[in-house]
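One file, input_16.txt, is given below (compact mmCIF, C-alpha atoms and all ligand atoms).
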# COMPACT_ATOMS: atom_id res chain seq x y z
CA GLY A 185 -10.85 10.88 -26.27
CA ARG A 186 -11.00 9.42 -22.84
CA PRO A 187 -13.50 11.01 -20.46
CA ARG A 188 -11.98 12.97 -17.65
CA GLN A 189 -12.17 10.96 -14.46
CA ARG A 190 -14.12 12.48 -11.59
CA GLU A 191 -12.28 13.41 -8.41
CA PHE A 192 -11.75 10.60 -5.94
CA ASP A 193 -13.59 10.22 -2.61
CA TYR A 194 -10.92 9.14 -0.14
CA PHE A 195 -7.32 8.00 0.32
CA ASN A 196 -6.07 4.47 0.81
CA LEU A 197 -2.56 4.24 2.23
CA ALA A 198 -1.44 0.81 0.99
CA LEU A 199 1.35 -0.70 3.10
CA GLN A 200 3.20 -3.90 2.32
CA TRP A 201 4.76 -6.45 4.64
CA PRO A 202 8.22 -7.28 3.24
CA GLY A 203 8.41 -10.61 5.09
CA THR A 204 5.49 -11.85 3.00
CA TYR A 205 6.12 -9.98 -0.25
CA CYS A 206 9.73 -11.14 -0.37
CA GLN A 207 8.74 -14.78 -0.13
CA ARG A 208 8.09 -14.56 -3.84
CA THR A 209 10.92 -12.26 -4.86
CA ARG A 210 13.77 -13.35 -2.67
CA TYR A 211 15.21 -15.66 -5.27
CA CYS A 212 14.83 -13.47 -8.32
CA CYS A 213 16.46 -10.33 -7.02
CA PRO A 214 19.78 -11.26 -5.49
CA ASN A 215 20.89 -7.64 -5.69
CA ASN A 216 17.85 -6.30 -3.97
CA ALA A 217 18.89 -5.59 -0.40
CA CYS A 218 15.27 -5.20 0.61
CA CYS A 219 14.61 -8.86 0.08
CA ARG A 220 17.54 -10.07 2.11
CA GLY A 221 17.48 -11.14 5.73
CA SER A 222 19.49 -8.93 7.98
CA ASN A 223 19.28 -5.75 5.88
CA SER A 224 15.54 -5.81 5.85
CA PRO A 225 13.49 -3.75 8.23
CA ALA A 226 10.73 -5.66 10.02
CA VAL A 227 8.27 -2.88 9.33
CA PHE A 228 5.38 -2.30 6.99
CA THR A 229 6.73 -0.27 4.08
CA ILE A 230 4.80 1.92 1.68
CA HIS A 231 3.19 0.53 -1.47
CA GLY A 232 1.37 3.70 -2.40
CA LEU A 233 -1.13 6.38 -1.47
CA TRP A 234 -4.15 5.55 -3.57
CA PRO A 235 -7.15 7.74 -4.28
CA ASP A 236 -10.34 5.63 -4.22
CA TYR A 237 -14.05 5.96 -4.91
CA ASN A 238 -16.61 4.96 -2.30
CA ASP A 239 -18.00 2.24 -4.61
CA GLY A 240 -14.72 0.30 -4.52
CA SER A 241 -13.38 1.44 -7.89
CA TRP A 242 -10.63 3.98 -8.47
CA PRO A 243 -9.30 6.43 -11.01
CA ALA A 244 -5.87 5.83 -12.56
CA CYS A 245 -3.37 7.70 -14.75
CA CYS A 246 -5.16 11.03 -14.49
CA THR A 247 -2.72 13.36 -16.24
CA LYS A 248 0.06 13.14 -18.77
CA LYS A 249 2.65 14.24 -16.23
CA SER A 250 5.44 11.70 -16.19
CA PHE A 251 7.61 10.92 -13.23
CA ASP A 252 10.82 12.89 -12.72
CA GLU A 253 13.06 11.54 -9.99
CA LYS A 254 14.89 14.87 -9.74
CA GLU A 255 11.77 16.42 -8.20
CA ILE A 256 12.06 14.13 -5.18
CA SER A 257 15.85 14.16 -4.84
CA THR A 258 15.65 15.62 -1.32
CA LEU A 259 13.36 12.77 -0.22
CA LEU A 260 15.47 9.87 -1.45
CA ASP A 261 16.78 8.82 1.98
CA PRO A 262 13.38 8.23 3.59
CA LEU A 263 11.95 6.90 0.33
CA GLU A 264 14.68 4.29 -0.03
CA LYS A 265 14.16 3.24 3.54
CA TYR A 266 10.38 3.31 3.84
CA TRP A 267 9.17 3.04 0.23
CA PRO A 268 11.57 0.48 -1.27
CA SER A 269 10.77 -1.60 -4.31
CA LEU A 270 10.76 -5.23 -3.23
CA SER A 271 10.25 -6.53 -6.74
CA CYS A 272 12.73 -7.35 -9.46
CA GLY A 273 10.68 -6.31 -12.46
CA LYS A 274 10.21 -2.78 -13.73
CA PRO A 275 6.55 -1.76 -13.69
CA SER A 276 4.92 -0.19 -16.72
CA SER A 277 4.25 3.51 -16.62
CA CYS A 278 0.94 5.04 -17.65
CA HIS A 279 2.31 6.25 -20.97
CA GLY A 280 4.14 3.16 -22.20
CA GLY A 281 7.62 2.09 -21.28
CA LYS A 282 8.91 0.78 -18.01
CA GLY A 283 9.93 2.73 -14.97
CA SER A 284 10.53 2.62 -11.27
CA PHE A 285 8.08 1.60 -8.55
CA TRP A 286 7.92 5.26 -7.45
CA GLY A 287 7.27 6.38 -11.00
CA HIS A 288 4.52 3.80 -11.38
CA GLU A 289 2.81 4.87 -8.17
CA TRP A 290 3.03 8.58 -8.99
CA GLU A 291 1.75 8.25 -12.54
CA LYS A 292 -1.01 5.74 -11.76
CA HIS A 293 -2.23 7.05 -8.39
CA GLY A 294 -0.40 10.28 -7.55
CA THR A 295 -1.68 12.14 -10.61
CA CYS A 296 -5.25 11.30 -9.52
CA SER A 297 -4.71 12.55 -5.98
CA ALA A 298 -3.18 15.79 -7.26
CA PRO A 299 -6.33 17.87 -6.54
CA VAL A 300 -5.48 17.31 -2.86
CA THR A 301 -1.79 16.41 -2.71
CA GLY A 302 -0.50 18.68 -5.47
CA ASP A 303 2.65 18.04 -7.45
CA GLU A 304 4.94 15.02 -7.45
CA TYR A 305 7.13 16.29 -4.61
CA ASN A 306 4.12 16.96 -2.42
CA TYR A 307 2.57 13.58 -3.21
CA PHE A 308 5.66 11.78 -1.90
CA LEU A 309 6.12 14.15 1.05
CA THR A 310 2.47 13.84 2.06
CA THR A 311 2.60 10.05 1.82
CA LEU A 312 5.70 9.89 4.02
CA ASN A 313 4.12 12.22 6.58
CA VAL A 314 0.94 10.16 6.81
CA TYR A 315 2.97 6.97 7.03
CA PHE A 316 5.03 8.37 9.94
CA LYS A 317 2.00 9.73 11.74
CA TYR A 318 0.05 6.46 11.61
CA ASN A 319 2.68 3.92 12.61
CA VAL A 320 0.98 0.58 12.06
CA THR A 321 4.07 -1.48 12.87
CA LYS A 322 4.44 0.20 16.26
CA VAL A 323 0.77 -0.26 17.10
CA LEU A 324 0.92 -3.97 16.25
CA ASN A 325 4.20 -4.57 18.07
CA GLU A 326 2.86 -2.89 21.19
CA ALA A 327 -0.19 -5.13 21.06
CA GLY A 328 2.08 -8.20 20.93
CA TYR A 329 1.85 -8.84 17.20
CA VAL A 330 5.53 -9.21 16.42
CA PRO A 331 7.14 -10.80 13.36
CA SER A 332 7.37 -14.56 13.73
CA ASN A 333 7.77 -17.58 11.50
CA THR A 334 5.85 -19.79 13.91
CA GLU A 335 3.07 -17.75 15.53
CA LYS A 336 -0.36 -17.24 14.06
CA TYR A 337 -2.40 -14.26 15.22
CA PRO A 338 -6.16 -13.74 15.20
CA LEU A 339 -7.19 -11.47 12.32
CA GLY A 340 -9.78 -9.88 14.60
CA GLY A 341 -7.09 -9.02 17.16
CA ILE A 342 -4.92 -7.31 14.60
CA VAL A 343 -7.87 -5.36 13.24
CA SER A 344 -8.94 -4.36 16.77
CA ALA A 345 -5.46 -3.08 17.62
CA ILE A 346 -5.57 -0.75 14.62
CA GLN A 347 -9.16 0.28 15.34
CA ASN A 348 -8.29 1.14 18.95
CA ALA A 349 -5.27 3.19 17.91
CA PHE A 350 -6.73 5.06 14.93
CA HIS A 351 -10.52 4.73 15.37
CA ALA A 352 -10.92 3.35 11.87
CA THR A 353 -11.07 -0.09 10.29
CA PRO A 354 -8.19 -1.14 8.04
CA LYS A 355 -8.27 -3.70 5.27
CA LEU A 356 -5.86 -6.62 5.28
CA VAL A 357 -4.66 -8.51 2.24
CA CYS A 358 -3.15 -11.97 2.73
CA ARG A 359 -1.20 -14.46 0.66
CA ASN A 360 -1.04 -18.06 1.83
CA GLY A 361 -2.34 -17.05 5.24
CA ALA A 362 0.30 -14.36 5.74
CA VAL A 363 -0.29 -10.60 5.84
CA GLU A 364 0.93 -9.11 2.56
CA GLU A 365 -0.71 -5.70 2.72
CA LEU A 366 -2.49 -3.50 5.21
CA HIS A 367 -4.58 -0.62 3.93
CA LEU A 368 -5.37 2.42 6.09
CA CYS A 369 -7.95 4.84 4.81
CA PHE A 370 -8.36 8.58 5.22
CA TYR A 371 -10.76 11.35 4.37
CA LYS A 372 -9.36 14.03 2.11
CA ASP A 373 -8.26 15.98 5.19
CA PHE A 374 -6.31 12.90 6.33
CA LYS A 375 -8.52 12.08 9.27
CA PRO A 376 -8.74 8.27 9.50
CA ARG A 377 -11.86 6.53 8.17
CA ASP A 378 -12.93 2.94 7.54
CA CYS A 379 -11.64 1.33 4.39
CA ALA A 380 -14.78 -0.71 3.73
CA GLY A 381 -17.15 1.24 1.53
CA GLY A 382 -20.93 1.04 1.57
CA SER A 383 -23.43 1.91 4.24
CA SER A 384 -23.10 -1.05 6.59
CA SER A 385 -21.00 -0.44 9.66
CA SER A 386 -21.11 -4.10 10.64
CA SER A 387 -17.72 -5.63 11.23
CA ASP A 388 -18.90 -8.62 9.15
CA MET A 389 -18.21 -6.55 6.08
CA LEU A 390 -14.59 -6.48 6.90
CA PHE A 391 -14.27 -10.21 7.06
CA SER A 392 -16.41 -11.05 4.07
CA GLY A 393 -14.32 -10.61 0.99
CA SER A 394 -11.07 -10.53 2.93
CA SER A 395 -8.29 -12.65 1.54
CA CYS A 396 -7.23 -13.47 5.10
CA PRO A 397 -8.17 -16.53 7.15
CA ASN A 398 -9.14 -16.10 10.81
CA TYR A 399 -5.59 -16.77 11.98
CA ILE A 400 -2.77 -15.12 10.10
CA SER A 401 0.98 -14.87 10.23
CA LEU A 402 3.37 -11.93 10.10
CA PRO A 403 6.46 -13.71 8.80
CA ALA A 404 9.93 -12.66 9.83
CA TYR A 405 12.55 -12.74 7.14
CA ALA A 406 14.13 -15.97 6.14
CA SER A 407 17.83 -15.51 6.73
P1 LIG B 1 -4.01 -6.34 -7.19
O1 LIG B 1 -4.68 -6.91 -8.38
O2 LIG B 1 -2.62 -6.82 -6.95
O3 LIG B 1 -4.86 -6.28 -5.95
O4 LIG B 1 -3.83 -4.82 -7.52
C1 LIG B 1 -3.15 -4.42 -8.67
C2 LIG B 1 -3.07 -2.94 -8.68
O5 LIG B 1 -4.37 -2.37 -8.77
C3 LIG B 1 -2.50 -2.32 -7.40
O6 LIG B 1 -1.13 -2.27 -7.42
C4 LIG B 1 -3.08 -0.95 -7.43
O7 LIG B 1 -2.35 -0.10 -8.29
C5 LIG B 1 -4.44 -1.20 -8.00
N1 LIG B 1 -5.39 -1.41 -6.91
C6 LIG B 1 -5.78 -2.59 -6.34
N2 LIG B 1 -6.70 -2.37 -5.39
C7 LIG B 1 -6.88 -1.03 -5.34
C8 LIG B 1 -7.70 -0.18 -4.56
O8 LIG B 1 -8.48 -0.61 -3.68
N3 LIG B 1 -7.60 1.14 -4.80
C9 LIG B 1 -6.79 1.64 -5.74
N4 LIG B 1 -6.77 2.97 -5.90
N5 LIG B 1 -6.00 0.89 -6.51
C10 LIG B 1 -6.06 -0.43 -6.30
P1 LIG B 2 -10.53 -6.78 -13.40
O1 LIG B 2 -10.95 -7.39 -14.71
O2 LIG B 2 -9.74 -7.73 -12.54
O3 LIG B 2 -11.59 -6.07 -12.65
O4 LIG B 2 -9.50 -5.64 -13.75
C1 LIG B 2 -8.68 -5.67 -14.85
C2 LIG B 2 -7.68 -4.56 -14.70
O5 LIG B 2 -8.35 -3.33 -14.41
C3 LIG B 2 -6.68 -4.79 -13.58
O6 LIG B 2 -5.43 -4.30 -13.98
C4 LIG B 2 -7.24 -3.96 -12.43
O7 LIG B 2 -6.18 -3.48 -11.62
C5 LIG B 2 -7.90 -2.84 -13.18
N1 LIG B 2 -9.06 -2.33 -12.45
C6 LIG B 2 -10.03 -3.01 -11.80
N2 LIG B 2 -10.91 -2.18 -11.24
C7 LIG B 2 -10.46 -0.93 -11.54
C8 LIG B 2 -10.93 0.36 -11.24
O8 LIG B 2 -11.92 0.59 -10.56
N3 LIG B 2 -10.20 1.40 -11.72
C9 LIG B 2 -9.10 1.20 -12.48
N4 LIG B 2 -8.45 2.29 -12.93
N5 LIG B 2 -8.61 0.01 -12.78
C10 LIG B 2 -9.29 -1.05 -12.32
P1 LIG B 3 0.28 -1.64 -8.60
O1 LIG B 3 0.01 -2.96 -7.98
O2 LIG B 3 0.60 -0.52 -7.66
O3 LIG B 3 -0.48 -1.25 -9.79
O4 LIG B 3 1.62 -2.01 -9.32
C1 LIG B 3 2.80 -2.25 -8.70
C2 LIG B 3 3.77 -2.46 -9.83
O5 LIG B 3 5.04 -2.12 -9.35
C3 LIG B 3 3.82 -3.89 -10.31
O6 LIG B 3 4.11 -3.87 -11.69
C4 LIG B 3 4.99 -4.46 -9.54
O7 LIG B 3 5.68 -5.46 -10.24
C5 LIG B 3 5.87 -3.25 -9.37
N1 LIG B 3 6.59 -3.21 -8.12
C6 LIG B 3 7.88 -2.89 -7.99
N2 LIG B 3 8.24 -2.96 -6.70
C7 LIG B 3 7.14 -3.33 -6.01
C8 LIG B 3 6.90 -3.57 -4.64
O8 LIG B 3 7.76 -3.46 -3.77
N3 LIG B 3 5.63 -3.92 -4.30
C9 LIG B 3 4.64 -4.04 -5.21
N4 LIG B 3 3.43 -4.39 -4.80
N5 LIG B 3 4.85 -3.85 -6.52
C10 LIG B 3 6.09 -3.48 -6.91
Rewrite the structure of this file - the entire thing - as structure tokens.
Amino acid sequence: GRPRQREFDYFNLALQWPGTYCQRTRYCCPNNACCRGSNSPAVFTIHGLWPDYNDGSWPACCTKKSFDEKEISTLLDPLEKYWPSLSCGKPSSCHGGKGSFWGHEWEKHGTCSAPVTGDEYNYFLTTLNVYFKYNVTKVLNEAGYVPSNTEKYPLGGIVSAIQNAFHATPKLVCRNGAVEELHLCFYKDFKPRDCAGGSSSSSDMLFSGSSCPNYISLPAYAS
């Protein structure tokens, strides 16, 4: 059989920027409120809490436990608001078949973080708590980085704003020069740490291998 995967080293809270993500889904999910102008919050929403290894790889699908939405029924309000699926397709689960975005994230990543975050309910609750505690959108807005379809912002300025607030270096993922994801990383006790692995503490590391150009946009929704 498959070798048991060793326990992960740290957490990666992957956030997505709906204004960028929805540029590719807006037209294929007319019933998805999240991808429509005025309903859509101009905030980073949750993609997932991902356990990672220091070498840049990660474990996935660690147990046979499948997702059961009933276990998180008391969390549905905040999950719908802050962890919406912005995509039209149904992702595959770890054990065949198709399921929800939440089910995909729990089975693929949540089962591997279980040594720290516990059962399904606690995985989602912990992720929400970390997301609320480290409010990236607020930090960026307060530093003047507000959603705009015309402005471009220096990547280094955005990274510095996060570093100053949380004393750790995030990782940004861009698509066509726009921020699509922002990853915040944490030790297993949820103290912030740098996302870049390896021994170098040079800020060059952050920029090499980034999918972002030096000036990036934070698109507002198209109406
Ligand atoms: P993509 O190819 O879009 O970057 O990532 C595809 C999927 O691979 C993600 O949705 C996520 O499940 C997984 N993935 C990508 N990068 C990372 C990472 O740095 N850590 C972990 N744990 N998973 C990742
Ligand atoms: P690639 O050939 O692009 O490295 O990866 C192929 C597939 O394996 C993709 O679905 C990617 O998300 C996944 N993958 C890449 N690296 C890792 C890893 O370290 N751990 C796991 N579980 N999947 C990975
Ligand atoms: P990951 O990249 O975490 O392995 O996979 C994400 C899966 O969930 C993909 O199959 C993607 O189509 C689906 N999905 C559903 N809603 C969303 C969403 O809002 N954002 C992202 N990134 N993927 C989503």
At most 10 Å is the cut-off: for each residue in chain A with any atom that close to an atom of ligand LIG 3 (chain B), write down the nearest atom pair and the distance in Å rounded to one decimal, counting all atoms listed in the file, chain first then increasing number, as CSV.
residue,atom,partner,partner_atom,distance
A:Ala198,CA,B:LIG3,O2,9.0
A:Leu199,CA,B:LIG3,N4,9.0
A:Gln200,CA,B:LIG3,N3,7.1
A:Trp201,CA,B:LIG3,N3,9.3
A:Pro202,CA,B:LIG3,O8,8.0
A:Tyr205,CA,B:LIG3,N3,7.3
A:Cys206,CA,B:LIG3,O8,8.6
A:Thr209,CA,B:LIG3,O8,9.4
A:Cys218,CA,B:LIG3,O8,8.9
A:Cys219,CA,B:LIG3,O8,9.5
A:Thr229,CA,B:LIG3,O8,8.5
A:Ile230,CA,B:LIG3,O8,8.2
A:His231,CA,B:LIG3,N3,5.8
A:Gly232,CA,B:LIG3,O2,6.8
A:Leu233,CA,B:LIG3,O2,9.4
A:Trp234,CA,B:LIG3,O2,8.7
A:Ala244,CA,B:LIG3,O3,9.3
A:Trp267,CA,B:LIG3,O8,7.8
A:Pro268,CA,B:LIG3,O8,6.0
A:Ser269,CA,B:LIG3,O8,3.6
A:Leu270,CA,B:LIG3,O8,3.5
A:Ser271,CA,B:LIG3,N2,4.1
A:Cys272,CA,B:LIG3,C6,6.8
A:Gly273,CA,B:LIG3,O7,5.5
A:Lys274,CA,B:LIG3,C5,6.2
A:Pro275,CA,B:LIG3,O6,3.8
A:Ser276,CA,B:LIG3,O6,6.3
A:Ser277,CA,B:LIG3,O6,8.9
A:Lys282,CA,B:LIG3,O6,9.2
A:Gly283,CA,B:LIG3,O5,8.9
A:Ser284,CA,B:LIG3,C6,6.9
A:Phe285,CA,B:LIG3,C6,4.5
A:Trp286,CA,B:LIG3,O5,8.1
A:Gly287,CA,B:LIG3,O5,8.9
A:His288,CA,B:LIG3,O5,6.3
A:Glu289,CA,B:LIG3,O2,5.8
A:Trp290,CA,B:LIG3,O2,9.5
A:Lys292,CA,B:LIG3,O3,7.3
A:His293,CA,B:LIG3,O2,8.1
A:Glu364,CA,B:LIG3,N4,9.1
A:Glu365,CA,B:LIG3,N4,8.7
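Coordinates place CA of Glu304 in chain A at a distance of 20.0 Å from CA of Tyr371 in chain A.
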May I ask which of the residues A:Cys396, A:Ala404, A:Cys369, A:Val314 is the closest one to ligand LIG 1 (chain B), counting all atoms listed in the file?
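When distances to ligand LIG 1 (chain B) are compared using all atoms listed in the file, the smallest one comes from A:Cys369.
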Could you work out how far CA of Cys245 in chain A lies from CA of Asp303 in chain A, giving the answer in Å with one decimal?
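Taking CA of Asp303 in chain A as the start and CA of Cys245 in chain A as the end point, the length is 14.0 Å.
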Distance query range 236-240 of chain A at most 10 Å, all atoms listed in the file, self and fewer than 5 positions along chain excluded, as a PyMOL selection string:
chain A and resi 190-196+293+296-297+369+379-383
Take CA of Asp252 in chain A and CA of Asn319 in chain A and report the distance between them in Å, one decimal.
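We find that CA of Asp252 in chain A and CA of Asn319 in chain A lie 28.1 Å from each other.
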Taking all atoms of ligand LIG 2 (chain B) that the file lists and extending 3 Å past them on each side, where is the centre of the axis-aligned box and how long are its edges? Answer in Å to one decimal, as AutoDock Vina command-line options.
--center_x -8.7 --center_y -2.7 --center_z -12.7 --size_x 12.5 --size_y 16.0 --size_z 10.3
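Residue nearest ligand LIG 1 (chain B), chosen from A:Leu197, A:Val330, A:Ala352, A:Ile346 and counting all atoms listed in the file: A:Leu197.
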Which residues of chain A sit at most 6 Å from ligand LIG 2 (chain B), using all atoms listed in the file? Give each one's shortest atom pair and distance in Å (one decimal place), in chain and ascending residue order, as a tab-separated table.
residue	atom	partner	partner_atom	distance
A:Ser241	CA	B:LIG2	O8	3.2
A:Trp242	CA	B:LIG2	N3	4.2
A:Pro243	CA	B:LIG2	N4	4.6
A:Ala244	CA	B:LIG2	N4	4.4
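The nearest approach to ligand LIG 1 (chain B) among the residues A:Ala349, A:Ile400, A:Cys278, A:Ile256, with all atoms listed in the file taken into account, belongs to A:Cys278.
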Of the listed residues A:Pro354, A:Gly361, A:Gly340, A:Pro376, that which approaches Ser395 in chain A most closely, counting only C-alpha atoms:
A:Gly361
